[in-house]
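The next block holds one structure in the form of structure tokens; read it before the comments.
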Amino acid sequence: MSDASTLCQACGLCCDGSLFSRAPLRPDEPAPPLATISTTVYGARYLTQPCSALGPSGCGCYAQRPLACRGFECLLLTALTADEVSLPEALAVVDRVKSQSGPERAESLRFHFGRR
Ligand code: SF4
Ligand code: SF4
């Protein structure tokens, strides 16, 4: 498994509702296994977060995850792929953020993951 996959499978903060409330599916995109699909009044499909495909070991349909999931790269993942941070350092950031709550967690999500 690549360092990026290892980080993302240990993280899941862009799947559990910490960063987003939903992940869009393209009109012609098949529904991934395990994920619960919802539809807007205009017919657009999306995965509600926390995503039902997210389990204790990360995304349960990682190899078949939607394009929106594949395409998203948070600040921490960008730093990892640019060798600005090591995998152990990135995993430590994830652990720290998951242990936080309230304003401290919100600030960490903005600083490390780019949450808006
Ligand atoms: S928030 Fe970043 S590191 Fe975490 S799973 Fe999403 S892309 Fe990967
Ligand atoms: S399908 Fe997988 S990668 Fe996409 S939001 Fe759900 S758990 Fe995350």
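Each chain of the structure tokens is named A, B, ... in the order shown, its residues numbered from 1; ligands are numbered from 1 in display order.
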
Exercise for the section: Pick out the residues sitting within 8 Å of segment 30-37 of chain A, and hand them over as number ranges by chain; count only C-alpha atoms, and ignore anything fewer than 5 positions along from it in its own chain. Expected result: A: 25, 45-48, 51-53, 60-61, 64-66

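Here the residues within segment 15-116 of chain A that DSSP labels strand (DSSP E) on the basis of the backbone are Arg22, Ala23, Pro24, Leu25, Ile37, Ser38, Thr39, Arg45, Tyr46, Leu47, Thr48, Leu54, Gly55, Gly58 and Cys59 of chain A.
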
Selection export as a PDB file, in the first residue's frame, atoms kept: C-alpha atoms:
ATOM      1  CA  ARG A  22     -21.671  14.841   1.606  1.00  0.00           C
ATOM      2  CA  ALA A  23     -19.663  13.497  -1.340  1.00  0.00           C
ATOM      3  CA  PRO A  24     -21.183  13.908  -4.802  1.00  0.00           C
ATOM      4  CA  LEU A  25     -21.582  11.103  -7.326  1.00  0.00           C
ATOM      5  CA  ILE A  37     -26.764   6.924  -1.700  1.00  0.00           C
ATOM      6  CA  SER A  38     -29.131   9.863  -1.320  1.00  0.00           C
ATOM      7  CA  THR A  39     -30.699  12.005  -4.018  1.00  0.00           C
ATOM      8  CA  ARG A  45     -26.842  11.688  -6.159  1.00  0.00           C
ATOM      9  CA  TYR A  46     -24.479  11.898  -3.235  1.00  0.00           C
ATOM     10  CA  LEU A  47     -23.067   9.950  -0.294  1.00  0.00           C
ATOM     11  CA  THR A  48     -24.179  11.326   3.043  1.00  0.00           C
ATOM     12  CA  LEU A  54     -16.314   3.992   6.416  1.00  0.00           C
ATOM     13  CA  GLY A  55     -15.301   1.293   8.874  1.00  0.00           C
ATOM     14  CA  GLY A  58     -11.009   2.978   6.689  1.00  0.00           C
ATOM     15  CA  CYS A  59     -13.028   3.048   3.485  1.00  0.00           C
TER      16      CYS A  59
END

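Atom CA of Ala4 of chain A is positioned 22.3 Å from atom CA of Arg105 of chain A.
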
Practice task
Pick out each residue of chain A that DSSP on the backbone tags as alpha helix (DSSP H); I need them as JSON, numbers by chain.
Solution key: {"A": [3, 4, 5, 6, 7, 8, 9, 10, 11, 67, 68, 69, 70, 71, 75, 76, 77, 78, 79, 80, 81, 87, 88, 89, 90, 91, 92, 93, 94, 95, 96, 97, 98, 99, 102, 103, 104, 105, 106, 107, 108, 109, 110, 111, 112, 113]}

Handout entry: Neighbourhood of ligand 1 at 10 Å, counting only C-alpha atoms and all ligand atoms, reported as a PyMOL selection string
Key = chain A and resi 4-16+18-20+58-59+69-80+90-91+93-94+109+112-115

Resulting file, chosen residues, N, CA and C atoms, as a JSON list (two decimals), in the first residue's frame:
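out-v9.json, written as the output of this step:
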[["chain", "number", "residue", "atom", "x", "y", "z"],
["A", 4, "ALA", "N", 0.25, 7.27, 0.82],
["A", 4, "ALA", "CA", -0.99, 8.05, 0.74],
["A", 4, "ALA", "C", -2.19, 7.18, 1.13],
["A", 5, "SER", "N", -2.22, 5.95, 0.62],
["A", 5, "SER", "CA", -3.32, 5.05, 0.97],
["A", 5, "SER", "C", -3.29, 4.70, 2.45],
["A", 6, "THR", "N", -2.10, 4.47, 2.98],
["A", 6, "THR", "CA", -1.98, 4.15, 4.40],
["A", 6, "THR", "C", -2.50, 5.30, 5.25],
["A", 7, "LEU", "N", -2.13, 6.52, 4.88],
["A", 7, "LEU", "CA", -2.60, 7.68, 5.64],
["A", 7, "LEU", "C", -4.12, 7.80, 5.55],
["A", 8, "CYS", "N", -4.65, 7.73, 4.34],
["A", 8, "CYS", "CA", -6.09, 7.95, 4.17],
["A", 8, "CYS", "C", -6.91, 6.85, 4.83],
["A", 9, "GLN", "N", -6.44, 5.60, 4.75],
["A", 9, "GLN", "CA", -7.19, 4.52, 5.39],
["A", 9, "GLN", "C", -7.14, 4.63, 6.91],
["A", 10, "ALA", "N", -6.13, 5.28, 7.45],
["A", 10, "ALA", "CA", -6.07, 5.48, 8.91],
["A", 10, "ALA", "C", -6.81, 6.75, 9.34],
["A", 11, "CYS", "N", -7.10, 7.61, 8.38],
["A", 11, "CYS", "CA", -7.64, 8.93, 8.70],
["A", 11, "CYS", "C", -9.17, 8.97, 8.58],
["A", 12, "GLY", "N", -9.65, 9.11, 7.38],
["A", 12, "GLY", "CA", -11.10, 9.13, 7.16],
["A", 12, "GLY", "C", -11.80, 10.41, 7.60],
["A", 13, "LEU", "N", -11.03, 11.46, 7.86],
["A", 13, "LEU", "CA", -11.66, 12.70, 8.30],
["A", 13, "LEU", "C", -12.44, 13.40, 7.18],
["A", 14, "CYS", "N", -12.17, 13.02, 5.92],
["A", 14, "CYS", "CA", -12.98, 13.57, 4.83],
["A", 14, "CYS", "C", -14.14, 12.64, 4.50],
["A", 15, "CYS", "N", -14.35, 11.62, 5.35],
["A", 15, "CYS", "CA", -15.45, 10.66, 5.15],
["A", 15, "CYS", "C", -16.43, 10.66, 6.32],
["A", 16, "ASP", "N", -15.98, 11.13, 7.48],
["A", 16, "ASP", "CA", -16.79, 10.96, 8.71],
["A", 16, "ASP", "C", -17.60, 12.19, 9.09],
["A", 18, "SER", "N", -16.29, 15.25, 9.35],
["A", 18, "SER", "CA", -15.45, 16.30, 9.94],
["A", 18, "SER", "C", -15.19, 17.44, 8.97],
["A", 19, "LEU", "N", -15.02, 17.08, 7.68],
["A", 19, "LEU", "CA", -14.69, 18.10, 6.68],
["A", 19, "LEU", "C", -15.86, 18.42, 5.75],
["A", 20, "PHE", "N", -16.67, 17.42, 5.48],
["A", 20, "PHE", "CA", -17.77, 17.59, 4.53],
["A", 20, "PHE", "C", -19.05, 16.96, 5.09],
["A", 58, "GLY", "N", -10.94, 2.00, 7.76],
["A", 58, "GLY", "CA", -11.01, 2.98, 6.69],
["A", 58, "GLY", "C", -12.14, 2.70, 5.72],
["A", 59, "CYS", "N", -11.98, 3.20, 4.50],
["A", 59, "CYS", "CA", -13.03, 3.05, 3.48],
["A", 59, "CYS", "C", -13.19, 1.58, 3.11],
["A", 69, "CYS", "N", -14.13, 11.18, -4.12],
["A", 69, "CYS", "CA", -13.27, 10.73, -3.02],
["A", 69, "CYS", "C", -11.84, 10.60, -3.51],
["A", 70, "ARG", "N", -11.66, 10.02, -4.69],
["A", 70, "ARG", "CA", -10.31, 9.87, -5.25],
["A", 70, "ARG", "C", -9.65, 11.21, -5.49],
["A", 71, "GLY", "N", -10.45, 12.17, -5.91],
["A", 71, "GLY", "CA", -9.88, 13.46, -6.31],
["A", 71, "GLY", "C", -9.57, 14.38, -5.16],
["A", 72, "PHE", "N", -10.15, 14.13, -4.00],
["A", 72, "PHE", "CA", -9.92, 15.07, -2.90],
["A", 72, "PHE", "C", -8.55, 14.84, -2.26],
["A", 73, "GLU", "N", -7.83, 15.91, -2.09],
["A", 73, "GLU", "CA", -6.52, 15.86, -1.43],
["A", 73, "GLU", "C", -6.47, 16.99, -0.42],
["A", 74, "CYS", "N", -6.47, 16.64, 0.85],
["A", 74, "CYS", "CA", -6.39, 17.67, 1.89],
["A", 74, "CYS", "C", -4.95, 18.19, 2.01],
["A", 75, "LEU", "N", -4.76, 19.19, 2.83],
["A", 75, "LEU", "CA", -3.44, 19.80, 2.98],
["A", 75, "LEU", "C", -2.42, 18.78, 3.49],
["A", 76, "LEU", "N", -2.86, 17.93, 4.42],
["A", 76, "LEU", "CA", -1.92, 16.96, 5.00],
["A", 76, "LEU", "C", -1.49, 15.95, 3.95],
["A", 77, "LEU", "N", -2.43, 15.46, 3.15],
["A", 77, "LEU", "CA", -2.09, 14.50, 2.09],
["A", 77, "LEU", "C", -1.18, 15.16, 1.05],
["A", 78, "THR", "N", -1.44, 16.42, 0.73],
["A", 78, "THR", "CA", -0.58, 17.14, -0.20],
["A", 78, "THR", "C", 0.83, 17.24, 0.35],
["A", 79, "ALA", "N", 0.96, 17.54, 1.63],
["A", 79, "ALA", "CA", 2.27, 17.65, 2.26],
["A", 79, "ALA", "C", 2.99, 16.31, 2.27],
["A", 80, "LEU", "N", 2.23, 15.23, 2.47],
["A", 80, "LEU", "CA", 2.84, 13.89, 2.46],
["A", 80, "LEU", "C", 3.37, 13.55, 1.07],
["A", 90, "ALA", "N", 2.54, 12.43, 9.68],
["A", 90, "ALA", "CA", 1.16, 12.65, 9.23],
["A", 90, "ALA", "C", 0.17, 11.83, 10.05],
["A", 91, "LEU", "N", 0.54, 10.59, 10.33],
["A", 91, "LEU", "CA", -0.35, 9.74, 11.15],
["A", 91, "LEU", "C", -0.49, 10.30, 12.56],
["A", 93, "VAL", "N", -0.44, 13.47, 13.30],
["A", 93, "VAL", "CA", -1.37, 14.59, 13.19],
["A", 93, "VAL", "C", -2.81, 14.08, 13.23],
["A", 94, "VAL", "N", -3.07, 13.02, 12.46],
["A", 94, "VAL", "CA", -4.42, 12.45, 12.44],
["A", 94, "VAL", "C", -4.83, 12.01, 13.84],
["A", 109, "LEU", "N", -8.49, 21.15, 12.12],
["A", 109, "LEU", "CA", -9.07, 20.73, 10.84],
["A", 109, "LEU", "C", -8.82, 21.79, 9.77],
["A", 112, "HIS", "N", -4.54, 21.82, 9.26],
["A", 112, "HIS", "CA", -3.89, 20.63, 8.70],
["A", 112, "HIS", "C", -4.65, 20.05, 7.49],
["A", 113, "PHE", "N", -5.95, 20.29, 7.43],
["A", 113, "PHE", "CA", -6.75, 19.61, 6.40],
["A", 113, "PHE", "C", -7.44, 20.59, 5.46],
["A", 114, "GLY", "N", -7.38, 21.87, 5.77],
["A", 114, "GLY", "CA", -7.96, 22.87, 4.88],
["A", 114, "GLY", "C", -9.45, 23.00, 4.98],
["A", 115, "ARG", "N", -10.02, 22.59, 6.10],
["A", 115, "ARG", "CA", -11.48, 22.74, 6.22],
["A", 115, "ARG", "C", -11.86, 24.20, 6.17]]

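Nearest to ligand 2 of all the residues A:Pro27, A:Arg96, A:Tyr42, A:Ser21 is A:Ser21, based on only C-alpha atoms and all ligand atoms.
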
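Distance-wise, atom CA of Pro50 of chain A and atom CA of Ser2 of chain A end up 24.4 Å apart.
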
Practice task
Determine the nearest neighbour of ligand 2 from the options A:Ala106, A:Ala68, A:Met1, A:Val41, counting only C-alpha atoms and all ligand atoms.
Solution key: A:Ala68
